[in-house]
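Q: Take a look at coords-v6.pdb, PDB, C-alpha atoms:
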```pdb
MODEL        1
ATOM      1  CA  MET A   1     -19.030   8.563   7.703
ATOM      2  CA  ARG A   2     -15.763   8.236   9.587
ATOM      3  CA  ASN A   3     -14.199  11.310  11.187
ATOM      4  CA  PHE A   4     -11.347  11.745   8.714
ATOM      5  CA  GLU A   5      -9.899  14.787  10.458
ATOM      6  CA  LEU A   6      -9.398  12.655  13.562
ATOM      7  CA  ALA A   7      -7.998   9.817  11.432
ATOM      8  CA  VAL A   8      -5.360  12.151   9.945
ATOM      9  CA  ASP A   9      -4.417  13.403  13.413
ATOM     10  CA  GLN A  10      -3.969   9.783  14.500
ATOM     11  CA  LEU A  11      -1.631   9.207  11.550
ATOM     12  CA  ILE A  12       0.419  12.263  12.479
ATOM     13  CA  GLU A  13       0.730  10.961  16.047
ATOM     14  CA  LYS A  14       2.590   7.917  14.671
ATOM     15  CA  ILE A  15       5.486  10.054  13.431
ATOM     16  CA  GLU A  16       8.528   9.168  15.547
ATOM     17  CA  PRO A  17      11.406  11.571  14.813
ATOM     18  CA  GLU A  18      11.581  13.967  17.728
ATOM     19  CA  GLY A  19      10.614  17.562  16.999
ATOM     20  CA  TYR A  20       9.104  16.891  13.567
ATOM     21  CA  GLU A  21       6.601  19.678  12.836
ATOM     22  CA  PHE A  22       3.869  18.558  10.459
ATOM     23  CA  ASN A  23       2.617  21.151   7.987
ATOM     24  CA  ASP A  24      -0.929  22.381   8.762
ATOM     25  CA  SER A  25      -1.877  22.726   5.098
ATOM     26  CA  ALA A  26      -0.867  19.117   4.412
ATOM     27  CA  ARG A  27      -3.025  18.013   7.343
ATOM     28  CA  SER A  28      -6.045  19.812   5.864
ATOM     29  CA  LEU A  29      -5.392  18.482   2.349
ATOM     30  CA  ALA A  30      -5.165  14.904   3.634
ATOM     31  CA  THR A  31      -8.598  15.283   5.229
ATOM     32  CA  ILE A  32     -10.042  16.708   2.006
ATOM     33  CA  ALA A  33      -8.544  13.859  -0.050
ATOM     34  CA  LEU A  34     -10.066  11.221   2.236
ATOM     35  CA  HIS A  35     -13.506  12.821   1.943
ATOM     36  CA  ASP A  36     -13.147  12.956  -1.853
ATOM     37  CA  VAL A  37     -12.112   9.294  -2.111
ATOM     38  CA  GLU A  38     -14.979   8.264   0.177
ATOM     39  CA  LEU A  39     -17.467  10.214  -1.973
ATOM     40  CA  ARG A  40     -16.135   8.427  -5.068
ATOM     41  CA  TYR A  41     -15.830   4.857  -3.756
ATOM     42  CA  GLY A  42     -17.399   4.627  -0.309
ATOM     43  CA  GLU A  43     -20.297   2.347   0.600
ATOM     44  CA  ASN A  44     -22.934   4.937  -0.344
ATOM     45  CA  SER A  45     -21.244   6.197  -3.505
ATOM     46  CA  GLU A  46     -22.203   5.633  -7.137
ATOM     47  CA  HIS A  47     -19.240   3.263  -7.561
ATOM     48  CA  PRO A  48     -18.633   1.574  -4.181
ATOM     49  CA  LEU A  49     -15.354  -0.354  -4.022
ATOM     50  CA  PRO A  50     -14.725  -2.796  -1.167
ATOM     51  CA  ARG A  51     -10.946  -2.274  -1.182
ATOM     52  CA  HIS A  52      -9.822   0.895  -2.953
ATOM     53  CA  ASN A  53     -11.632   3.329  -0.706
ATOM     54  CA  ALA A  54     -10.713   5.831   2.003
ATOM     55  CA  GLU A  55      -9.898   3.078   4.515
ATOM     56  CA  HIS A  56      -7.322   1.640   2.139
ATOM     57  CA  GLY A  57      -5.766   5.098   1.813
ATOM     58  CA  LEU A  58      -5.485   5.348   5.583
ATOM     59  CA  ASP A  59      -3.970   1.852   5.742
ATOM     60  CA  VAL A  60      -1.327   2.674   3.135
ATOM     61  CA  ALA A  61      -0.495   6.006   4.794
ATOM     62  CA  GLY A  62      -0.148   4.261   8.156
ATOM     63  CA  ARG A  63       2.168   1.594   6.755
ATOM     64  CA  ALA A  64       4.220   4.246   4.925
ATOM     65  CA  ILE A  65       4.685   6.134   8.194
ATOM     66  CA  GLU A  66       5.751   2.897   9.909
ATOM     67  CA  LEU A  67       8.315   2.174   7.195
ATOM     68  CA  THR A  68       9.556   5.778   7.174
ATOM     69  CA  ASN A  69      10.026   5.604  10.946
ATOM     70  CA  LEU A  70      12.013   2.396  10.534
ATOM     71  CA  LEU A  71      14.252   3.777   7.784
ATOM     72  CA  TYR A  72      14.379   7.485   8.691
ATOM     73  CA  ASP A  73      18.032   7.507   9.764
ATOM     74  CA  PHE A  74      19.024   5.829   6.489
ATOM     75  CA  ILE A  75      17.294   8.454   4.312
ATOM     76  CA  PRO A  76      19.547  11.221   2.927
ATOM     77  CA  GLU A  77      18.902  14.509   4.739
ATOM     78  CA  LYS A  78      17.562  16.326   1.685
ATOM     79  CA  TYR A  79      14.858  13.674   1.330
ATOM     80  CA  GLN A  80      13.924  13.744   5.019
ATOM     81  CA  ASP A  81      12.427  17.213   4.545
ATOM     82  CA  ASN A  82       8.610  17.015   4.417
ATOM     83  CA  ILE A  83       8.742  13.249   3.958
ATOM     84  CA  TYR A  84       5.898  12.611   6.387
ATOM     85  CA  GLU A  85       3.667  15.169   4.660
ATOM     86  CA  LEU A  86       4.399  13.336   1.421
ATOM     87  CA  VAL A  87       3.769   9.797   2.676
ATOM     88  CA  ILE A  88       0.445  10.816   4.231
ATOM     89  CA  LEU A  89      -0.781  12.855   1.249
ATOM     90  CA  ILE A  90       0.299  10.173  -1.240
ATOM     91  CA  GLY A  91      -1.094   7.378   0.907
ATOM     92  CA  VAL A  92      -4.587   8.842   1.186
ATOM     93  CA  SER A  93      -4.857  10.031  -2.425
ATOM     94  CA  HIS A  94      -2.912   7.540  -4.550
ATOM     95  CA  ASP A  95      -6.103   5.670  -5.530
ATOM     96  CA  TRP A  96      -8.316   8.740  -6.048
ATOM     97  CA  GLU A  97      -8.938   7.405  -9.570
ATOM     98  CA  GLN A  98      -9.836   3.724  -9.929
ATOM     99  CA  LEU A  99     -12.172   3.563 -12.929
ATOM    100  CA  LEU A 100      -9.700   3.994 -15.796
ATOM    101  CA  ALA A 101      -6.759   1.614 -16.290
ATOM    102  CA  ALA A 102      -3.339   0.893 -14.815
ATOM    103  CA  GLY A 103      -1.097   3.889 -15.405
ATOM    104  CA  LEU A 104      -4.015   6.158 -16.225
ATOM    105  CA  ASN A 105      -5.400   5.718 -12.700
ATOM    106  CA  GLU A 106      -2.087   6.704 -11.139
ATOM    107  CA  ARG A 107      -1.615   9.616 -13.563
ATOM    108  CA  ALA A 108      -5.065  11.021 -12.750
ATOM    109  CA  SER A 109      -4.522  10.517  -9.011
ATOM    110  CA  ALA A 110      -1.188  12.347  -9.180
ATOM    111  CA  ASP A 111      -2.808  15.224 -11.072
ATOM    112  CA  TYR A 112      -5.546  15.382  -8.432
ATOM    113  CA  LEU A 113      -3.042  15.595  -5.554
ATOM    114  CA  ILE A 114      -0.942  18.230  -7.310
ATOM    115  CA  SER A 115      -4.062  20.336  -7.910
ATOM    116  CA  LEU A 116      -4.868  20.160  -4.190
ATOM    117  CA  ILE A 117      -1.339  21.205  -3.286
ATOM    118  CA  GLU A 118      -1.449  24.153  -5.710
ATOM    119  CA  LYS A 119      -4.772  25.349  -4.316
ATOM    120  CA  SER A 120      -3.301  25.422  -0.812
ATOM    121  CA  GLY A 121      -1.055  28.378  -1.631
ATOM    122  CA  ASP A 122       1.385  27.163   1.020
ATOM    123  CA  LYS A 123       4.913  27.685  -0.294
ATOM    124  CA  GLU A 124       6.352  25.007   1.997
ATOM    125  CA  ILE A 125       4.529  22.357  -0.038
ATOM    126  CA  ASN A 126       3.442  24.233  -3.172
ATOM    127  CA  ASN A 127       6.827  24.135  -4.875
ATOM    128  CA  GLU A 128       8.295  22.098  -7.714
ATOM    129  CA  TRP A 129      10.462  19.901  -5.449
ATOM    130  CA  PHE A 130       7.541  18.797  -3.274
ATOM    131  CA  LYS A 131       5.126  18.365  -6.200
ATOM    132  CA  THR A 132       7.645  16.342  -8.228
ATOM    133  CA  ARG A 133       8.213  14.009  -5.291
ATOM    134  CA  ALA A 134       4.437  13.677  -4.787
ATOM    135  CA  GLU A 135       3.938  12.827  -8.455
ATOM    136  CA  ASN A 136       6.755  10.287  -8.519
ATOM    137  CA  GLY A 137       5.490   8.736  -5.289
ATOM    138  CA  ILE A 138       2.032   8.097  -6.669
ATOM    139  CA  MET A 139       3.394   6.799  -9.979
ATOM    140  CA  SER A 140       5.525   4.302  -8.018
ATOM    141  CA  THR A 141       2.291   2.481  -7.054
ATOM    142  CA  GLU A 142       1.518   1.419 -10.633
ATOM    143  CA  TYR A 143       1.727  -2.352 -10.994
ATOM    144  CA  GLU A 144       0.676  -5.352 -13.048
ATOM    145  CA  ILE A 145       0.066  -8.945 -11.979
ATOM    146  CA  ASP A 146       1.581 -11.715 -14.096
ATOM    147  CA  ASP A 147      -0.012 -15.104 -14.729
ATOM    148  CA  LYS A 148       1.789 -16.560 -11.704
ATOM    149  CA  GLY A 149       0.263 -14.054  -9.307
ATOM    150  CA  VAL A 150       3.463 -12.027  -8.932
ATOM    151  CA  ILE A 151       3.047  -8.251  -8.683
ATOM    152  CA  ASN A 152       5.424  -6.238 -10.836
ATOM    153  CA  GLN A 153       5.788  -2.583  -9.817
ATOM    154  CA  LEU A 154       6.500  -0.899 -13.110
ATOM    155  CA  ASN A 155       8.043   2.400 -12.019
ATOM    156  CA  LEU A 156      10.279   1.388  -9.120
ATOM    157  CA  GLY A 157      14.021   1.583  -9.692
ATOM    158  CA  ARG A 158      13.797   4.010 -12.592
ATOM    159  CA  GLY A 159      15.925   7.124 -12.657
ATOM    160  CA  LYS A 160      14.272  10.489 -11.990
ATOM    161  CA  PRO A 161      16.725  13.079 -13.364
ATOM    162  CA  GLU A 162      14.521  15.980 -12.241
ATOM    163  CA  LEU A 163      15.497  15.174  -8.637
ATOM    164  CA  GLY A 164      19.215  14.890  -9.347
ATOM    165  CA  ASP A 165      21.462  11.848  -9.355
ATOM    166  CA  GLU A 166      20.383  10.458  -5.990
ATOM    167  CA  PRO A 167      17.125   8.412  -6.120
ATOM    168  CA  ASP A 168      14.331   9.362  -3.709
ATOM    169  CA  PRO A 169      13.631   6.617  -1.101
ATOM    170  CA  LEU A 170      10.071   7.948  -0.858
ATOM    171  CA  GLU A 171       9.203   5.993  -4.008
ATOM    172  CA  PHE A 172      10.397   2.722  -2.496
ATOM    173  CA  ILE A 173       8.565   3.394   0.782
ATOM    174  CA  ILE A 174       5.246   4.140  -0.918
ATOM    175  CA  GLY A 175       5.551   1.244  -3.358
ATOM    176  CA  PHE A 176       6.315  -1.217  -0.569
ATOM    177  CA  ALA A 177       3.589   0.084   1.764
ATOM    178  CA  ASP A 178       0.947  -0.100  -0.982
ATOM    179  CA  ILE A 179       1.243  -3.790  -1.861
ATOM    180  CA  ASN A 180       2.683  -5.274   1.332
ATOM    181  CA  GLY A 181      -0.189  -4.984   3.762
ATOM    182  CA  LEU A 182       0.074  -8.698   4.501
ATOM    183  CA  ALA A 183       3.736  -8.297   5.487
ATOM    184  CA  MET A 184       3.284  -5.183   7.595
ATOM    185  CA  GLU A 185      -0.077  -5.706   9.322
ATOM    186  CA  ASP A 186      -1.024  -8.289  11.939
ATOM    187  CA  GLU A 187      -2.217 -11.722  10.860
ATOM    188  CA  ASP A 188      -5.912 -10.887  11.340
ATOM    189  CA  PHE A 189      -5.550  -8.454   8.439
ATOM    190  CA  MET A 190      -5.133 -11.314   5.978
ATOM    191  CA  SER A 191      -8.724 -12.536   5.748
ATOM    192  CA  GLU A 192     -10.308  -9.087   5.417
ATOM    193  CA  GLU A 193      -7.762  -7.924   2.835
ATOM    194  CA  LEU A 194      -8.330 -11.100   0.820
ATOM    195  CA  VAL A 195     -12.117 -10.688   0.925
ATOM    196  CA  ARG A 196     -12.049  -7.002  -0.030
ATOM    197  CA  LEU A 197      -9.779  -7.776  -2.970
ATOM    198  CA  PHE A 198     -12.027 -10.700  -3.976
ATOM    199  CA  PHE A 199     -15.230  -8.641  -4.055
ATOM    200  CA  GLU A 200     -13.587  -5.684  -5.782
ATOM    201  CA  GLU A 201     -12.148  -7.860  -8.557
ATOM    202  CA  SER A 202     -15.620  -9.302  -9.119
ATOM    203  CA  ILE A 203     -17.069  -5.796  -9.432
ATOM    204  CA  LYS A 204     -14.375  -4.521 -11.797
ATOM    205  CA  LYS A 205     -14.466  -7.622 -14.009
ATOM    206  CA  GLY A 206     -18.258  -7.876 -13.969
ATOM    207  CA  GLU A 207     -18.058 -11.459 -12.685
ATOM    208  CA  GLU A 208     -20.357 -13.234 -10.269
ATOM    209  CA  PRO A 209     -18.424 -13.930  -7.044
ATOM    210  CA  SER A 210     -18.290 -17.610  -6.090
ATOM    211  CA  GLU A 211     -16.434 -20.055  -3.878
ATOM    212  CA  GLU A 212     -14.482 -21.255  -6.927
ATOM    213  CA  ARG A 213     -13.283 -17.725  -7.725
ATOM    214  CA  LEU A 214     -12.320 -17.216  -4.095
ATOM    215  CA  GLU A 215     -10.225 -20.408  -4.207
ATOM    216  CA  LYS A 216      -8.490 -19.140  -7.357
ATOM    217  CA  LEU A 217      -7.661 -15.842  -5.645
ATOM    218  CA  VAL A 218      -6.218 -17.761  -2.691
ATOM    219  CA  ASP A 219      -3.892 -19.547  -5.142
ATOM    220  CA  TYR A 220      -2.690 -16.195  -6.497
ATOM    221  CA  GLN A 221      -2.157 -14.811  -3.003
ATOM    222  CA  GLU A 222      -0.065 -17.816  -1.999
ATOM    223  CA  ALA A 223       2.130 -17.258  -5.055
ATOM    224  CA  PHE A 224       2.442 -13.543  -4.278
ATOM    225  CA  ILE A 225       3.419 -14.092  -0.639
ATOM    226  CA  ARG A 226       5.917 -16.786  -1.676
ATOM    227  CA  SER A 227       7.529 -14.247  -4.015
ATOM    228  CA  GLN A 228       7.877 -11.813  -1.105
ATOM    229  CA  LEU A 229       9.918 -14.377   0.827
ATOM    230  CA  ASN A 230      12.492 -14.681  -1.931
ATOM    231  CA  ASP A 231      12.111 -11.532  -4.008
ATOM    232  CA  TYR A 232      15.444 -10.553  -5.521
ATOM    233  CA  ARG A 233      13.860  -7.270  -6.565
ATOM    234  CA  ILE A 234      13.587  -6.049  -2.972
ATOM    235  CA  LYS A 235      17.371  -6.151  -2.664
ATOM    236  CA  SER A 236      17.796  -4.476  -6.036
ATOM    237  CA  TYR A 237      15.324  -1.709  -5.131
ATOM    238  CA  ILE A 238      17.132  -1.126  -1.848
ATOM    239  CA  ALA A 239      20.466  -1.014  -3.671
ATOM    240  CA  HIS A 240      18.981   1.605  -6.021
ATOM    241  CA  TYR A 241      17.299   3.860  -3.462
ATOM    242  CA  PHE A 242      19.884   3.449  -0.701
ATOM    243  CA  SER A 243      23.009   3.102  -2.822
ATOM    244  CA  HIS A 244      25.004   5.201  -0.344
ATOM    245  CA  LEU A 245      24.659   2.307   2.128
ATOM    246  CA  GLU A 246      25.663  -0.544  -0.168
ATOM    247  CA  PRO A 247      28.370  -2.651   1.563
ATOM    248  CA  ALA A 248      31.873  -2.760   0.153
ATOM    249  CA  GLU A 249      32.351  -6.432   1.054
ATOM    250  CA  GLU A 250      30.660  -9.085  -1.073
ATOM    251  CA  GLY A 251      28.210 -11.224   0.887
ATOM    252  CA  GLU A 252      27.173  -8.451   3.250
ATOM    253  CA  ASN A 253      23.697  -6.910   3.185
ATOM    254  CA  ASN A 254      22.619  -3.324   2.908
ATOM    255  CA  PRO A 255      21.557  -2.307   6.470
ATOM    256  CA  VAL A 256      18.177  -1.214   5.089
ATOM    257  CA  TYR A 257      17.538  -4.778   3.958
ATOM    258  CA  ASP A 258      18.579  -6.150   7.352
ATOM    259  CA  GLU A 259      16.218  -3.769   9.180
ATOM    260  CA  MET A 260      13.287  -4.648   6.934
ATOM    261  CA  TYR A 261      13.983  -8.369   7.102
ATOM    262  CA  LYS A 262      14.033  -8.263  10.881
ATOM    263  CA  ALA A 263      10.834  -6.204  11.028
ATOM    264  CA  PHE A 264       8.682  -7.984   8.444
ATOM    265  CA  ASN A 265      10.000 -11.426   7.496
ATOM    266  CA  PRO A 266       8.528 -13.246  10.545
ATOM    267  CA  THR A 267       5.027 -11.990   9.637
ATOM    268  CA  ILE A 268       5.483 -12.865   5.962
ATOM    269  CA  ARG A 269       6.445 -16.431   6.945
ATOM    270  CA  ARG A 270       3.403 -16.846   9.200
ATOM    271  CA  ILE A 271       1.096 -15.435   6.527
ATOM    272  CA  TYR A 272       2.688 -17.668   3.905
ATOM    273  CA  ASP A 273       2.040 -20.758   6.045
ATOM    274  CA  LYS A 274      -1.639 -19.797   6.252
ATOM    275  CA  ALA A 275      -1.944 -19.056   2.540
ATOM    276  CA  GLN A 276      -0.164 -22.296   1.656
ATOM    277  CA  TRP A 277      -2.513 -24.288   3.906
ATOM    278  CA  LEU A 278      -5.537 -22.643   2.259
ATOM    279  CA  ARG A 279      -4.237 -23.458  -1.221
ATOM    280  CA  LYS A 280      -3.500 -27.081  -0.340
ATOM    281  CA  THR A 281      -6.871 -27.529   1.385
ATOM    282  CA  PRO A 282      -9.314 -25.955  -1.095
ATOM    283  CA  GLY A 283     -12.281 -27.876   0.252
ATOM    284  CA  VAL A 284     -12.277 -25.821   3.456
ATOM    285  CA  ILE A 285     -13.708 -22.820   1.620
ATOM    286  CA  LYS A 286     -17.210 -24.247   1.627
ATOM    287  CA  GLY A 287     -20.464 -23.105   3.127
ATOM    288  CA  VAL A 288     -19.755 -19.448   2.510
ATOM    289  CA  GLU A 289     -21.922 -18.929  -0.582
ATOM    290  CA  ASP A 290     -24.533 -16.991   1.390
ATOM    291  CA  THR A 291     -22.035 -14.345   2.504
ATOM    292  CA  ILE A 292     -20.490 -14.273  -0.969
ATOM    293  CA  HIS A 293     -23.814 -13.597  -2.685
ATOM    294  CA  ARG A 294     -24.615 -10.854  -0.173
ATOM    295  CA  MET A 295     -21.128  -9.424  -0.758
ATOM    296  CA  ASP A 296     -20.839  -9.292   3.012
ATOM    297  CA  VAL A 297     -17.213  -8.212   3.539
ATOM    298  CA  LEU A 298     -17.116  -8.476   7.315
ATOM    299  CA  GLY A 299     -19.204 -11.665   7.417
ATOM    300  CA  LEU A 300     -17.018 -13.487   4.896
ATOM    301  CA  SER A 301     -13.835 -12.118   6.529
ATOM    302  CA  ASP A 302     -14.980 -13.505   9.867
ATOM    303  CA  LYS A 303     -15.784 -16.922   8.401
ATOM    304  CA  LEU A 304     -12.530 -17.112   6.468
ATOM    305  CA  GLY A 305     -10.564 -16.028   9.540
ATOM    306  CA  LYS A 306     -12.175 -18.780  11.605
ATOM    307  CA  ILE A 307     -11.498 -21.357   8.885
ATOM    308  CA  ILE A 308      -7.799 -20.437   8.920
ATOM    309  CA  LYS A 309      -7.556 -20.255  12.714
ATOM    310  CA  HIS A 310      -9.243 -23.582  13.440
ATOM    311  CA  GLY A 311      -7.958 -25.448  10.401
ATOM    312  CA  GLN A 312      -4.215 -25.068  10.835
TER     313      GLN A 312
ENDMDL
END
```
Would you write out, as structure tokens, the structure that this file holds?
A:
Amino acid sequence: MRNFELAVDQLIEKIEPEGYEFNDSARSLATIALHDVELRYGENSEHPLPRHNAEHGLDVAGRAIELTNLLYDFIPEKYQDNIYELVILIGVSHDWEQLLAAGLNERASADYLISLIEKSGDKEINNEWFKTRAENGIMSTEYEIDDKGVINQLNLGRGKPELGDEPDPLEFIIGFADINGLAMEDEDFMSEELVRLFFEESIKKGEEPSEERLEKLVDYQEAFIRSQLNDYRIKSYIAHYFSHLEPAEEGENNPVYDEMYKAFNPTIRRIYDKAQWLRKTPGVIKGVEDTIHRMDVLGLSDKLGKIIKHGQ
């Protein structure tokens, strides 16, 4: 089993604002959450999941830290407090429950994290402000996929009166980091993420994995990535969560949008080109049945990566 205590320390090392002091209790709780998720869905668990496991939690937490670093100066001061404790705790625990249904999974995961926080007895994090933000952050990851492969995040952009009139950017950061691994990671991430999602969907739906099903998933991924290139909702979410930065002049962009576009759009375009090539050349996904039947994540990821690299 991976050294999760070390993994959490490596996440904390990514925090950029100078002088930020990370709460020791939150560090311990993040380690506990990773162990719990691994016991529930790791390779040797009763319900192993190729994607929604402890590694995914670490990935989401890492991306949320990256996005928080990028946007930190744009976040209202009251929401900067403990934001890195929140993004790490939410990232590693937001998929603690995966065996119920959309909405119920997020609700149970939020309840789990809040129970951990309450057991800590640490008043810096065991307070209603912190727990409400943690709950809202996890609930922001609830989504549904429409018949065109577009992911709709159901709780983003909704008012949270318990936090006051000013929306919490934490929700946007977590929601974006959860579903936008392809935009935020390097290009080698694409094949492994696709394969893990493919095998996990087969497990959850009780379907036999096959080359045909993999081709269908590629079609959905191409549609999803295309939507990320021209997603009007990103601008509307930014306008909601960073309304204090909305430009007065028509035709100008919110600076948050400009920063994110500069940071992530080049990767999205490269990934989209690869996904589009895969969709238009379905015959290339052949000769991988052996790795599919073995549910060999790394083997199939390697083969798919080589197909993409040498085919384009």
Q: Under the PyMOL selection byres ((chain A and resi 303) around 12), which residues of this model are included? Write them out as a PDB file with C-alpha atoms, in the coordinates of the input.
A:
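Okay, part-v8.pdb is ready:
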```
ATOM      1  CA  ASP A 188      -5.912 -10.887  11.340  1.00  0.00           C
ATOM      2  CA  SER A 191      -8.724 -12.536   5.748  1.00  0.00           C
ATOM      3  CA  GLU A 192     -10.308  -9.087   5.417  1.00  0.00           C
ATOM      4  CA  VAL A 195     -12.117 -10.688   0.925  1.00  0.00           C
ATOM      5  CA  VAL A 284     -12.277 -25.821   3.456  1.00  0.00           C
ATOM      6  CA  ILE A 285     -13.708 -22.820   1.620  1.00  0.00           C
ATOM      7  CA  LYS A 286     -17.210 -24.247   1.627  1.00  0.00           C
ATOM      8  CA  GLY A 287     -20.464 -23.105   3.127  1.00  0.00           C
ATOM      9  CA  VAL A 288     -19.755 -19.448   2.510  1.00  0.00           C
ATOM     10  CA  GLU A 289     -21.922 -18.929  -0.582  1.00  0.00           C
ATOM     11  CA  ASP A 290     -24.533 -16.991   1.390  1.00  0.00           C
ATOM     12  CA  THR A 291     -22.035 -14.345   2.504  1.00  0.00           C
ATOM     13  CA  ILE A 292     -20.490 -14.273  -0.969  1.00  0.00           C
ATOM     14  CA  ASP A 296     -20.839  -9.292   3.012  1.00  0.00           C
ATOM     15  CA  VAL A 297     -17.213  -8.212   3.539  1.00  0.00           C
ATOM     16  CA  LEU A 298     -17.116  -8.476   7.315  1.00  0.00           C
ATOM     17  CA  GLY A 299     -19.204 -11.665   7.417  1.00  0.00           C
ATOM     18  CA  LEU A 300     -17.018 -13.487   4.896  1.00  0.00           C
ATOM     19  CA  SER A 301     -13.835 -12.118   6.529  1.00  0.00           C
ATOM     20  CA  ASP A 302     -14.980 -13.505   9.867  1.00  0.00           C
ATOM     21  CA  LEU A 304     -12.530 -17.112   6.468  1.00  0.00           C
ATOM     22  CA  GLY A 305     -10.564 -16.028   9.540  1.00  0.00           C
ATOM     23  CA  LYS A 306     -12.175 -18.780  11.605  1.00  0.00           C
ATOM     24  CA  ILE A 307     -11.498 -21.357   8.885  1.00  0.00           C
ATOM     25  CA  ILE A 308      -7.799 -20.437   8.920  1.00  0.00           C
ATOM     26  CA  LYS A 309      -7.556 -20.255  12.714  1.00  0.00           C
ATOM     27  CA  HIS A 310      -9.243 -23.582  13.440  1.00  0.00           C
ATOM     28  CA  GLY A 311      -7.958 -25.448  10.401  1.00  0.00           C
TER      29      GLY A 311
END
```
Q: List as a Markdown table every residue of range 28-113 of chain A that is in contact with range 228-248 of chain A, defined as an atom at most 10 Å from one of its atoms (using all atoms listed in the file), together with the nearest atom pair and the distance in Å rounded to one decimal, sorted by chain and then rising number.
A:
```
| residue | atom | partner | partner_atom | distance |
| --- | --- | --- | --- | --- |
| A:Phe74 | CA | A:Phe242 | CA | 7.6 |
| A:Ile75 | CA | A:Phe242 | CA | 7.5 |
| A:Pro76 | CA | A:Phe242 | CA | 8.6 |
```
Q: Please produce a file of the residues just selected, as a PDB file, in the coordinates of the input, where the atoms kept are C-alpha atoms.
A:
```
ATOM      1  CA  PHE A  74      19.024   5.829   6.489  1.00  0.00           C
ATOM      2  CA  ILE A  75      17.294   8.454   4.312  1.00  0.00           C
ATOM      3  CA  PRO A  76      19.547  11.221   2.927  1.00  0.00           C
TER       4      PRO A  76
END
```
Q: So what do you get for CA of Glu249 in chain A versus CA of Ala263 in chain A, distance-wise?
A: 23.7 Å
Q: Pull out every residue that the PyMOL selection byres ((chain A and resi 83) around 10) matches in the shown coordinates and put them as a PyMOL selection string.
A: chain A and resi 22+65+68+72+75+78-82+84-89+130+133-134+169-170
Q: For range 38-55 of chain A, please output as a ChimeraX atom specification all residues within 8 Å (counting all atoms listed in the file; exclusion window: fewer than 3 positions along the same chain).
A: /A:34-35,58-59,92,95-96,98,193,196-197,199-200,203,297
Q: What gap, in Å, lies between CA of Pro17 in chain A and CA of Leu70 in chain A?
A: 10.1 Å
Q: Write out as a list in words each polymer residue whose atoms come within 9 Å of Thr267 in chain A, counting all atoms listed in the file; drop sequence neighbours fewer than 5 positions from it.
A: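 Listed by chain and then number, they are Leu182, Ala183, Met184, Glu185, Asp186, Glu187 and Tyr272 of chain A.
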Q: What gap, in Å, lies between CA of Tyr112 in chain A and CA of Leu29 in chain A?
A: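 Computing it gives 11.2 Å between the two atoms.
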Q: If I put a ball of radius 9 Å at (8.6, 3.4, -1.9) in the file's coordinates, which residues poke into it when counting all atoms listed in the file, written as a ChimeraX atom specification?
A: /A:64,137,140-141,156,168-178,241
Q: Between A:Asn23, A:Asn126, A:Thr281, A:Ser115, single out the one closest to Asp219 in chain A, counting only C-alpha atoms.
A: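 Checking each candidate against Asp219 in chain A, we get A:Thr281 as the closest.
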Q: Considering only C-alpha atoms, can you say which of A:Asn253, A:Ser93, A:Asn136, A:Asn69 comes closest to Ser109 in chain A?
A: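 Looking at the shortest contact to Ser109 in chain A, the residue is A:Ser93.
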Q: Using the incomplete input, complete range 132-142 of chain A to the level of N, CA and C atoms; output as a PDB file, keeping the file's coordinate frame.
A:
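The file below, rebuild08.pdb, is the result:
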```pdb
ATOM      1  N   THR A 132       6.996  17.393  -7.439  1.00  0.00           N
ATOM      2  CA  THR A 132       7.645  16.342  -8.228  1.00  0.00           C
ATOM      3  C   THR A 132       7.755  15.056  -7.416  1.00  0.00           C
ATOM      4  N   ARG A 133       8.123  15.193  -6.156  1.00  0.00           N
ATOM      5  CA  ARG A 133       8.213  14.009  -5.291  1.00  0.00           C
ATOM      6  C   ARG A 133       6.831  13.375  -5.105  1.00  0.00           C
ATOM      7  N   ALA A 134       5.799  14.204  -4.946  1.00  0.00           N
ATOM      8  CA  ALA A 134       4.437  13.677  -4.787  1.00  0.00           C
ATOM      9  C   ALA A 134       4.008  12.909  -6.037  1.00  0.00           C
ATOM     10  N   GLU A 135       4.287  13.479  -7.192  1.00  0.00           N
ATOM     11  CA  GLU A 135       3.938  12.827  -8.455  1.00  0.00           C
ATOM     12  C   GLU A 135       4.673  11.498  -8.612  1.00  0.00           C
ATOM     13  N   ASN A 136       5.972  11.512  -8.388  1.00  0.00           N
ATOM     14  CA  ASN A 136       6.755  10.287  -8.519  1.00  0.00           C
ATOM     15  C   ASN A 136       6.307   9.229  -7.513  1.00  0.00           C
ATOM     16  N   GLY A 137       5.949   9.677  -6.309  1.00  0.00           N
ATOM     17  CA  GLY A 137       5.490   8.736  -5.289  1.00  0.00           C
ATOM     18  C   GLY A 137       4.226   8.015  -5.695  1.00  0.00           C
ATOM     19  N   ILE A 138       3.262   8.750  -6.225  1.00  0.00           N
ATOM     20  CA  ILE A 138       2.032   8.097  -6.669  1.00  0.00           C
ATOM     21  C   ILE A 138       2.292   7.189  -7.866  1.00  0.00           C
ATOM     22  N   MET A 139       3.109   7.629  -8.813  1.00  0.00           N
ATOM     23  CA  MET A 139       3.394   6.799  -9.979  1.00  0.00           C
ATOM     24  C   MET A 139       4.131   5.521  -9.602  1.00  0.00           C
ATOM     25  N   SER A 140       4.814   5.509  -8.453  1.00  0.00           N
ATOM     26  CA  SER A 140       5.525   4.302  -8.018  1.00  0.00           C
ATOM     27  C   SER A 140       4.558   3.188  -7.616  1.00  0.00           C
ATOM     28  N   THR A 141       3.264   3.508  -7.465  1.00  0.00           N
ATOM     29  CA  THR A 141       2.291   2.481  -7.054  1.00  0.00           C
ATOM     30  C   THR A 141       1.691   1.738  -8.245  1.00  0.00           C
ATOM     31  N   GLU A 142       2.043   2.144  -9.467  1.00  0.00           N
ATOM     32  CA  GLU A 142       1.518   1.419 -10.633  1.00  0.00           C
ATOM     33  C   GLU A 142       2.094   0.009 -10.677  1.00  0.00           C
TER      34      GLU A 142
END
```
